[in-house]
$ cat entry-v4.cif   # mmCIF, C-alpha atoms, pLDDT in the B column; chains and numbers go by the auth columns
data_data
loop_
_atom_site.group_PDB
_atom_site.id
_atom_site.type_symbol
_atom_site.label_atom_id
_atom_site.label_comp_id
_atom_site.label_asym_id
_atom_site.label_seq_id
_atom_site.Cartn_x
_atom_site.Cartn_y
_atom_site.Cartn_z
_atom_site.B_iso_or_equiv
_atom_site.auth_seq_id
_atom_site.auth_asym_id
ATOM 1 C CA MET A 1 -13.498 -31.577 -15.006 52.00 1 A
ATOM 2 C CA ALA A 2 -9.989 -30.105 -14.955 60.00 2 A
ATOM 3 C CA PRO A 3 -8.531 -29.118 -11.598 70.00 3 A
ATOM 4 C CA VAL A 4 -8.504 -25.426 -10.762 76.00 4 A
ATOM 5 C CA SER A 5 -5.150 -23.855 -11.493 81.00 5 A
ATOM 6 C CA GLN A 6 -2.942 -22.720 -8.645 84.00 6 A
ATOM 7 C CA THR A 7 -2.762 -19.307 -10.360 86.00 7 A
ATOM 8 C CA VAL A 8 -6.522 -18.880 -9.929 85.00 8 A
ATOM 9 C CA LEU A 9 -6.449 -19.999 -6.304 86.00 9 A
ATOM 10 C CA ASP A 10 -3.493 -17.697 -5.600 89.00 10 A
ATOM 11 C CA GLY A 11 -5.336 -14.824 -7.285 89.00 11 A
ATOM 12 C CA LEU A 12 -8.404 -15.427 -5.150 89.00 12 A
ATOM 13 C CA ASN A 13 -6.264 -15.639 -2.037 88.00 13 A
ATOM 14 C CA GLU A 14 -4.565 -12.332 -2.873 89.00 14 A
ATOM 15 C CA GLY A 15 -7.975 -10.776 -3.379 90.00 15 A
ATOM 16 C CA ILE A 16 -9.180 -12.129 -0.030 89.00 16 A
ATOM 17 C CA LYS A 17 -6.186 -10.583 1.721 86.00 17 A
ATOM 18 C CA ALA A 18 -6.641 -7.269 -0.101 88.00 18 A
ATOM 19 C CA GLU A 19 -10.348 -7.052 0.754 89.00 19 A
ATOM 20 C CA LEU A 20 -9.694 -7.894 4.377 87.00 20 A
ATOM 21 C CA ALA A 21 -6.910 -5.305 4.632 86.00 21 A
ATOM 22 C CA ALA A 22 -9.100 -2.668 2.973 89.00 22 A
ATOM 23 C CA TYR A 23 -11.967 -3.448 5.371 89.00 23 A
ATOM 24 C CA VAL A 24 -9.691 -3.082 8.397 87.00 24 A
ATOM 25 C CA PHE A 25 -8.174 0.122 6.967 90.00 25 A
ATOM 26 C CA TYR A 26 -11.595 1.679 6.367 93.00 26 A
ATOM 27 C CA MET A 27 -12.860 0.767 9.816 91.00 27 A
ATOM 28 C CA LYS A 28 -9.756 2.195 11.457 91.00 28 A
ATOM 29 C CA GLY A 29 -9.971 5.327 9.311 93.00 29 A
ATOM 30 C CA LYS A 30 -13.662 5.759 10.133 94.00 30 A
ATOM 31 C CA ASN A 31 -12.913 5.508 13.839 92.00 31 A
ATOM 32 C CA SER A 32 -9.951 7.891 13.614 93.00 32 A
ATOM 33 C CA THR A 33 -11.483 10.859 11.828 93.00 33 A
ATOM 34 C CA SER A 34 -13.979 13.458 12.969 92.00 34 A
ATOM 35 C CA GLU A 35 -14.881 14.496 9.393 91.00 35 A
ATOM 36 C CA GLN A 36 -18.467 13.183 9.073 94.00 36 A
ATOM 37 C CA ARG A 37 -18.525 12.967 5.263 93.00 37 A
ATOM 38 C CA LEU A 38 -15.341 10.916 5.387 94.00 38 A
ATOM 39 C CA LYS A 39 -16.756 8.696 8.158 95.00 39 A
ATOM 40 C CA ASP A 40 -19.818 7.994 5.997 96.00 40 A
ATOM 41 C CA LEU A 41 -17.739 7.187 2.922 95.00 41 A
ATOM 42 C CA LEU A 42 -15.394 4.906 4.857 96.00 42 A
ATOM 43 C CA ALA A 43 -18.322 3.061 6.444 95.00 43 A
ATOM 44 C CA THR A 44 -19.814 2.435 2.987 95.00 44 A
ATOM 45 C CA LEU A 45 -16.491 1.285 1.566 95.00 45 A
ATOM 46 C CA ALA A 46 -15.887 -1.023 4.537 92.00 46 A
ATOM 47 C CA SER A 47 -19.274 -2.649 4.065 91.00 47 A
ATOM 48 C CA GLU A 48 -18.651 -3.206 0.364 91.00 48 A
ATOM 49 C CA GLU A 49 -15.175 -4.623 0.999 91.00 49 A
ATOM 50 C CA ARG A 50 -16.710 -7.021 3.518 88.00 50 A
ATOM 51 C CA ASP A 51 -19.104 -8.209 0.807 87.00 51 A
ATOM 52 C CA HIS A 52 -16.227 -8.677 -1.657 87.00 52 A
ATOM 53 C CA TYR A 53 -14.324 -10.636 0.951 88.00 53 A
ATOM 54 C CA LYS A 54 -17.298 -12.936 1.417 86.00 54 A
ATOM 55 C CA ILE A 55 -17.660 -13.440 -2.343 84.00 55 A
ATOM 56 C CA LEU A 56 -13.998 -14.399 -2.675 87.00 56 A
ATOM 57 C CA GLU A 57 -14.009 -16.653 0.390 86.00 57 A
ATOM 58 C CA ARG A 58 -17.037 -18.572 -0.880 85.00 58 A
ATOM 59 C CA GLN A 59 -15.635 -18.773 -4.389 85.00 59 A
ATOM 60 C CA TYR A 60 -12.333 -20.123 -3.115 86.00 60 A
ATOM 61 C CA ASP A 61 -14.182 -22.708 -1.038 85.00 61 A
ATOM 62 C CA ASN A 62 -16.358 -23.746 -4.008 82.00 62 A
ATOM 63 C CA LEU A 63 -13.353 -24.165 -6.273 84.00 63 A
ATOM 64 C CA VAL A 64 -11.350 -26.187 -3.764 84.00 64 A
ATOM 65 C CA ARG A 65 -14.255 -28.482 -2.903 82.00 65 A
ATOM 66 C CA SER A 66 -16.084 -28.853 -6.217 76.00 66 A
ATOM 67 C CA GLU A 67 -13.902 -27.127 -8.847 72.00 67 A
ATOM 68 C CA ILE A 68 -16.969 -25.180 -9.985 67.00 68 A
ATOM 69 C CA TRP A 69 -17.304 -21.405 -10.169 66.00 69 A
ATOM 70 C CA ALA A 70 -20.395 -20.093 -8.420 60.00 70 A
ATOM 71 C CA PRO A 71 -22.151 -17.029 -9.864 56.00 71 A
ATOM 72 C CA TYR A 72 -21.205 -14.124 -7.610 53.00 72 A
ATOM 73 C CA ASN A 73 -24.862 -13.045 -7.281 53.00 73 A
ATOM 74 C CA ASP A 74 -25.717 -16.452 -5.775 54.00 74 A
ATOM 75 C CA ILE A 75 -22.837 -16.333 -3.303 50.00 75 A
ATOM 76 C CA MET A 76 -24.265 -13.445 -1.304 49.00 76 A
ATOM 77 C CA LEU A 77 -27.531 -15.340 -0.857 51.00 77 A
ATOM 78 C CA GLN A 78 -25.880 -18.396 0.661 52.00 78 A
ATOM 79 C CA PRO A 79 -26.053 -18.823 4.441 53.00 79 A
ATOM 80 C CA GLY A 80 -23.021 -19.492 6.572 50.00 80 A
ATOM 81 C CA LEU A 81 -20.641 -16.922 5.144 46.00 81 A
ATOM 82 C CA PRO A 82 -17.625 -16.274 7.358 49.00 82 A
ATOM 83 C CA ASN A 83 -17.704 -13.326 9.707 54.00 83 A
ATOM 84 C CA ILE A 84 -14.930 -10.947 8.772 53.00 84 A
ATOM 85 C CA ASP A 85 -14.363 -9.917 12.388 52.00 85 A
ATOM 86 C CA GLU A 86 -13.026 -13.394 13.158 44.00 86 A
ATOM 87 C CA GLN A 87 -9.996 -12.841 10.914 50.00 87 A
ATOM 88 C CA VAL A 88 -9.151 -9.188 11.560 49.00 88 A
ATOM 89 C CA GLU A 89 -6.372 -10.003 14.038 45.00 89 A
ATOM 90 C CA ASP A 90 -4.355 -11.668 11.267 50.00 90 A
ATOM 91 C CA VAL A 91 -4.318 -8.620 9.011 50.00 91 A
ATOM 92 C CA HIS A 92 -1.213 -6.504 8.755 52.00 92 A
ATOM 93 C CA ASN A 93 -0.692 -3.721 6.318 63.00 93 A
ATOM 94 C CA GLU A 94 1.691 -0.821 6.784 74.00 94 A
ATOM 95 C CA TYR A 95 -1.056 1.586 5.747 76.00 95 A
ATOM 96 C CA ILE A 96 -3.336 0.432 8.535 80.00 96 A
ATOM 97 C CA ASP A 97 -0.573 1.200 11.015 79.00 97 A
ATOM 98 C CA GLU A 98 -0.235 4.717 9.619 81.00 98 A
ATOM 99 C CA ILE A 99 -3.754 5.744 10.642 86.00 99 A
ATOM 100 C CA THR A 100 -4.084 7.618 13.922 85.00 100 A
ATOM 101 C CA GLU A 101 -6.409 10.335 15.153 88.00 101 A
ATOM 102 C CA GLN A 102 -3.848 12.845 13.840 90.00 102 A
ATOM 103 C CA THR A 103 -3.941 11.494 10.273 90.00 103 A
ATOM 104 C CA SER A 104 -5.485 14.069 7.962 93.00 104 A
ATOM 105 C CA PRO A 105 -8.629 13.207 6.009 93.00 105 A
ATOM 106 C CA MET A 106 -6.693 13.793 2.782 94.00 106 A
ATOM 107 C CA ARG A 107 -3.993 11.287 3.776 93.00 107 A
ATOM 108 C CA ILE A 108 -6.640 8.690 4.619 93.00 108 A
ATOM 109 C CA LEU A 109 -8.136 9.211 1.177 95.00 109 A
ATOM 110 C CA GLU A 110 -4.733 9.026 -0.531 94.00 110 A
ATOM 111 C CA ILE A 111 -4.098 5.633 1.053 92.00 111 A
ATOM 112 C CA ALA A 112 -7.635 4.473 0.260 93.00 112 A
ATOM 113 C CA LEU A 113 -7.159 5.471 -3.387 94.00 113 A
ATOM 114 C CA MET A 114 -3.924 3.506 -3.605 91.00 114 A
ATOM 115 C CA LEU A 115 -5.548 0.407 -2.023 90.00 115 A
ATOM 116 C CA GLU A 116 -8.518 0.569 -4.391 92.00 116 A
ATOM 117 C CA LYS A 117 -6.362 0.995 -7.490 95.00 117 A
ATOM 118 C CA ARG A 118 -4.249 -1.959 -6.426 91.00 118 A
ATOM 119 C CA ALA A 119 -7.349 -4.145 -5.956 92.00 119 A
ATOM 120 C CA ARG A 120 -8.913 -2.978 -9.235 95.00 120 A
ATOM 121 C CA ASP A 121 -5.752 -3.755 -11.164 96.00 121 A
ATOM 122 C CA HIS A 122 -5.399 -7.163 -9.493 93.00 122 A
ATOM 123 C CA TYR A 123 -8.924 -8.192 -10.482 93.00 123 A
ATOM 124 C CA ALA A 124 -8.492 -6.856 -14.027 96.00 124 A
ATOM 125 C CA ASP A 125 -5.290 -8.895 -14.320 95.00 125 A
ATOM 126 C CA MET A 126 -7.071 -12.011 -13.066 92.00 126 A
ATOM 127 C CA VAL A 127 -9.662 -11.758 -15.879 94.00 127 A
ATOM 128 C CA ASP A 128 -6.912 -12.763 -18.306 92.00 128 A
ATOM 129 C CA LYS A 129 -5.728 -15.640 -16.105 90.00 129 A
ATOM 130 C CA VAL A 130 -9.104 -17.366 -15.783 89.00 130 A
ATOM 131 C CA ASP A 131 -10.519 -19.567 -18.521 87.00 131 A
ATOM 132 C CA ASP A 132 -13.980 -20.185 -17.088 83.00 132 A
ATOM 133 C CA PRO A 133 -16.575 -17.557 -18.151 85.00 133 A
ATOM 134 C CA LYS A 134 -18.084 -17.421 -14.640 82.00 134 A
ATOM 135 C CA GLY A 135 -14.634 -16.750 -13.208 84.00 135 A
ATOM 136 C CA LYS A 136 -14.009 -14.026 -15.765 88.00 136 A
ATOM 137 C CA ASP A 137 -17.382 -12.473 -14.941 87.00 137 A
ATOM 138 C CA MET A 138 -16.633 -12.466 -11.223 85.00 138 A
ATOM 139 C CA PHE A 139 -13.251 -10.768 -11.654 89.00 139 A
ATOM 140 C CA LYS A 140 -14.720 -8.248 -14.141 93.00 140 A
ATOM 141 C CA TYR A 141 -17.465 -7.453 -11.643 88.00 141 A
ATOM 142 C CA LEU A 142 -14.962 -6.939 -8.822 89.00 142 A
ATOM 143 C CA SER A 143 -12.643 -4.820 -10.983 94.00 143 A
ATOM 144 C CA LYS A 144 -15.549 -2.615 -12.053 94.00 144 A
ATOM 145 C CA PHE A 145 -16.774 -2.306 -8.471 90.00 145 A
ATOM 146 C CA GLU A 146 -13.291 -1.335 -7.214 92.00 146 A
ATOM 147 C CA ASN A 147 -13.105 1.250 -9.988 96.00 147 A
ATOM 148 C CA GLY A 148 -16.318 2.692 -8.573 94.00 148 A
ATOM 149 C CA HIS A 149 -14.530 3.004 -5.236 94.00 149 A
ATOM 150 C CA VAL A 150 -11.670 4.825 -7.003 97.00 150 A
ATOM 151 C CA ASN A 151 -14.217 7.285 -8.398 97.00 151 A
ATOM 152 C CA LYS A 152 -15.934 7.830 -5.017 95.00 152 A
ATOM 153 C CA ILE A 153 -12.624 8.477 -3.288 96.00 153 A
ATOM 154 C CA THR A 154 -11.432 10.805 -6.051 97.00 154 A
ATOM 155 C CA ARG A 155 -14.658 12.841 -5.769 96.00 155 A
ATOM 156 C CA MET A 156 -14.252 13.107 -1.985 94.00 156 A
ATOM 157 C CA MET A 157 -10.641 14.259 -2.428 95.00 157 A
ATOM 158 C CA ARG A 158 -11.802 17.009 -4.808 95.00 158 A
ATOM 159 C CA GLU A 159 -14.469 18.087 -2.307 91.00 159 A
ATOM 160 C CA LEU A 160 -11.940 18.327 0.512 87.00 160 A
ATOM 161 C CA GLU A 161 -9.568 20.396 -1.634 87.00 161 A
ATOM 162 C CA LYS A 162 -12.217 23.118 -2.072 79.00 162 A
#
$ encode --input "entry-v4.cif" --output "structure tokens"
Amino acid sequence: MAPVSQTVLDGLNEGIKAELAAYVFYMKGKNSTSEQRLKDLLATLASEERDHYKILERQYDNLVRSEIWAPYNDIMLQPGLPNIDEQVEDVHNEYIDEITEQTSPMRILEIALMLEKRARDHYADMVDKVDDPKGKDMFKYLSKFENGHVNKITRMMRELEK
């Protein structure tokens, strides 16, 4: 079996950092706003980003140890996934720092939209950099899922503009 390319490992690592930053951003945004619909959306997004983080962490670990891609559906069923709260202190993103109780719901959504588009585009780009079909499937899945987040955020922005 050929060793996993550094490009793939770097791509997974970038995804891990992006998911962790998005999770922290959503949690901070949820705790900073009084708009209940926004709180609910941010809680959902945070939970989904936590799941993506766990998928990427496990995949990275599998590739480093065994050089085999694990189906992403199987990853979520495996015990012993890392707890995201253990790594939150290491996250820094200028957008996280921007969120305060005075930040408008629309600004929170604008930042969320930018973060989701960045993640979606990263995963779509990784599809072309991975040779293994299971790896391609995982990055396609994540790109599609992040695009769903883009759509949810865009809908919420339209609702708030009314």
$ resolve_selection --input "entry-v4.cif" --expression "the PyMOL selection byres ((chain A and resi 30) around 8)" --output "CSV table (one decimal) with C-alpha atoms, in the coordinates of the input"
chain,number,residue,atom,x,y,z
A,26,TYR,CA,-11.6,1.7,6.4
A,27,MET,CA,-12.9,0.8,9.8
A,28,LYS,CA,-9.8,2.2,11.5
A,29,GLY,CA,-10.0,5.3,9.3
A,31,ASN,CA,-12.9,5.5,13.8
A,32,SER,CA,-10.0,7.9,13.6
A,33,THR,CA,-11.5,10.9,11.8
A,38,LEU,CA,-15.3,10.9,5.4
A,39,LYS,CA,-16.8,8.7,8.2
A,40,ASP,CA,-19.8,8.0,6.0
A,42,LEU,CA,-15.4,4.9,4.9
A,43,ALA,CA,-18.3,3.1,6.4
$ closest_residue --input "entry-v4.cif" --among "A:Thr7, A:Asn151, A:Asn13, A:Ser143" --to "Lys54 of chain A" --atoms "all atoms listed in the file"
A:Asn13
$ closest_residue --input "entry-v4.cif" --among "A:Glu49, A:Glu94, A:Asp10, A:Glu101" --to "Glu35 of chain A" --atoms "only C-alpha atoms"
A:Glu101
$ resolve_selection --input "entry-v4.cif" --expression "the PyMOL selection byres ((chain A and resi 147) around 9)" --output "PyMOL selection string"
chain A and resi 116-117+119-121+142-146+148-152
$ atom_distance --input "entry-v4.cif" --atom1 "atom CA of Asp131 of chain A" --atom2 "atom CA of Gln6 of chain A"
12.8 Å
$ atom_distance --input "entry-v4.cif" --atom1 "atom CA of Phe139 of chain A" --atom2 "atom CA of His122 of chain A"
8.9 Å
$ residues_near_point --input "entry-v4.cif" --point "(-17.2, -12.9, -16.3)" --cutoff "12 Å" --atoms "only C-alpha atoms" --output "VMD selection string"
chain A and resid 69 to 73 123 to 124 126 to 144
$ resolve_selection --input "entry-v4.cif" --expression "the PyMOL selection byres ((chain A and resi 52) around 10)" --output "number ranges by chain"
A: 15-16, 18-20, 23, 46-51, 53-58, 72, 76, 142, 145-146
$ atom_distance --input "entry-v4.cif" --atom1 "atom CA of Lys17 of chain A" --atom2 "atom CA of Arg37 of chain A"
26.8 Å
$ closest_residue --input "entry-v4.cif" --among "A:Tyr95, A:Leu41, A:Arg118, A:Ser104" --to "Arg155 of chain A" --atoms "all atoms listed in the file"
A:Leu41
$ closest_residue --input "entry-v4.cif" --among "A:Thr44, A:Ser34, A:Asn62, A:Thr103" --to "Leu9 of chain A" --atoms "all atoms listed in the file"
A:Asn62
$ residues_near_point --input "entry-v4.cif" --point "(-7.5, 13.3, -5.5)" --cutoff "12 Å" --atoms "all atoms listed in the file" --output "list in words"
Pro105, Met106, Arg107, Ile108, Leu109, Glu110, Ile111, Ala112, Leu113, Met114, Val150, Asn151, Lys152, Ile153, Thr154, Arg155, Met156, Met157, Arg158, Glu159, Leu160, Glu161 and Lys162 of chain A
$ write_last_selection --input "entry-v4.cif" --atoms "C-alpha atoms" --output "PDB file, keeping the file's coordinate frame"
ATOM      1  CA  PRO A 105      -8.629  13.207   6.009  1.00 93.00           C
ATOM      2  CA  MET A 106      -6.693  13.793   2.782  1.00 94.00           C
ATOM      3  CA  ARG A 107      -3.993  11.287   3.776  1.00 93.00           C
ATOM      4  CA  ILE A 108      -6.640   8.690   4.619  1.00 93.00           C
ATOM      5  CA  LEU A 109      -8.136   9.211   1.177  1.00 95.00           C
ATOM      6  CA  GLU A 110      -4.733   9.026  -0.531  1.00 94.00           C
ATOM      7  CA  ILE A 111      -4.098   5.633   1.053  1.00 92.00           C
ATOM      8  CA  ALA A 112      -7.635   4.473   0.260  1.00 93.00           C
ATOM      9  CA  LEU A 113      -7.159   5.471  -3.387  1.00 94.00           C
ATOM     10  CA  MET A 114      -3.924   3.506  -3.605  1.00 91.00           C
ATOM     11  CA  VAL A 150     -11.670   4.825  -7.003  1.00 97.00           C
ATOM     12  CA  ASN A 151     -14.217   7.285  -8.398  1.00 97.00           C
ATOM     13  CA  LYS A 152     -15.934   7.830  -5.017  1.00 95.00           C
ATOM     14  CA  ILE A 153     -12.624   8.477  -3.288  1.00 96.00           C
ATOM     15  CA  THR A 154     -11.432  10.805  -6.051  1.00 97.00           C
ATOM     16  CA  ARG A 155     -14.658  12.841  -5.769  1.00 96.00           C
ATOM     17  CA  MET A 156     -14.252  13.107  -1.985  1.00 94.00           C
ATOM     18  CA  MET A 157     -10.641  14.259  -2.428  1.00 95.00           C
ATOM     19  CA  ARG A 158     -11.802  17.009  -4.808  1.00 95.00           C
ATOM     20  CA  GLU A 159     -14.469  18.087  -2.307  1.00 91.00           C
ATOM     21  CA  LEU A 160     -11.940  18.327   0.512  1.00 87.00           C
ATOM     22  CA  GLU A 161      -9.568  20.396  -1.634  1.00 87.00           C
ATOM     23  CA  LYS A 162     -12.217  23.118  -2.072  1.00 79.00           C
TER      24      LYS A 162
END
$ closest_residue --input "entry-v4.cif" --among "A:Val64, A:Gln102, A:Ser5, A:Leu45" --to "Val24 of chain A" --atoms "only C-alpha atoms"
A:Leu45
$ closest_residue --input "entry-v4.cif" --among "A:Asp125, A:Ala21, A:Ile96, A:Ser66" --to "Val8 of chain A" --atoms "only C-alpha atoms"
A:Asp125
$ axis_aligned_box --input "entry-v4.cif" --around "segment 106-121 of chain A" --padding-each-side "5 Å" --output "JSON"
{"center_x": -6.4, "center_y": 4.8, "center_z": -3.3, "size_x": 15.0, "size_y": 27.9, "size_z": 25.8}
$ decode --input "entry-v4.cif" --residues "segment 95-113 of chain A" --atoms "C-alpha atoms" --output "PDB file, in the first residue's frame"
ATOM      1  CA  TYR A  95     -13.849  36.203  13.524  1.00  0.00           C
ATOM      2  CA  ILE A  96     -14.326  34.524  16.879  1.00  0.00           C
ATOM      3  CA  ASP A  97     -12.789  37.567  18.539  1.00  0.00           C
ATOM      4  CA  GLU A  98     -15.234  39.845  16.731  1.00  0.00           C
ATOM      5  CA  ILE A  99     -18.292  38.355  18.439  1.00  0.00           C
ATOM      6  CA  THR A 100     -19.598  40.202  21.483  1.00  0.00           C
ATOM      7  CA  GLU A 101     -23.052  40.735  22.928  1.00  0.00           C
ATOM      8  CA  GLN A 102     -23.243  43.890  20.784  1.00  0.00           C
ATOM      9  CA  THR A 103     -22.629  42.035  17.507  1.00  0.00           C
ATOM     10  CA  SER A 104     -25.750  42.145  15.362  1.00  0.00           C
ATOM     11  CA  PRO A 105     -27.434  38.904  14.312  1.00  0.00           C
ATOM     12  CA  MET A 106     -26.816  39.851  10.675  1.00  0.00           C
ATOM     13  CA  ARG A 107     -23.070  40.265  11.268  1.00  0.00           C
ATOM     14  CA  ILE A 108     -22.914  36.878  12.987  1.00  0.00           C
ATOM     15  CA  LEU A 109     -24.607  35.350   9.960  1.00  0.00           C
ATOM     16  CA  GLU A 110     -22.299  37.163   7.527  1.00  0.00           C
ATOM     17  CA  ILE A 111     -19.265  35.689   9.272  1.00  0.00           C
ATOM     18  CA  ALA A 112     -20.900  32.258   9.468  1.00  0.00           C
ATOM     19  CA  LEU A 113     -21.613  32.370   5.725  1.00  0.00           C
TER      20      LEU A 113
END
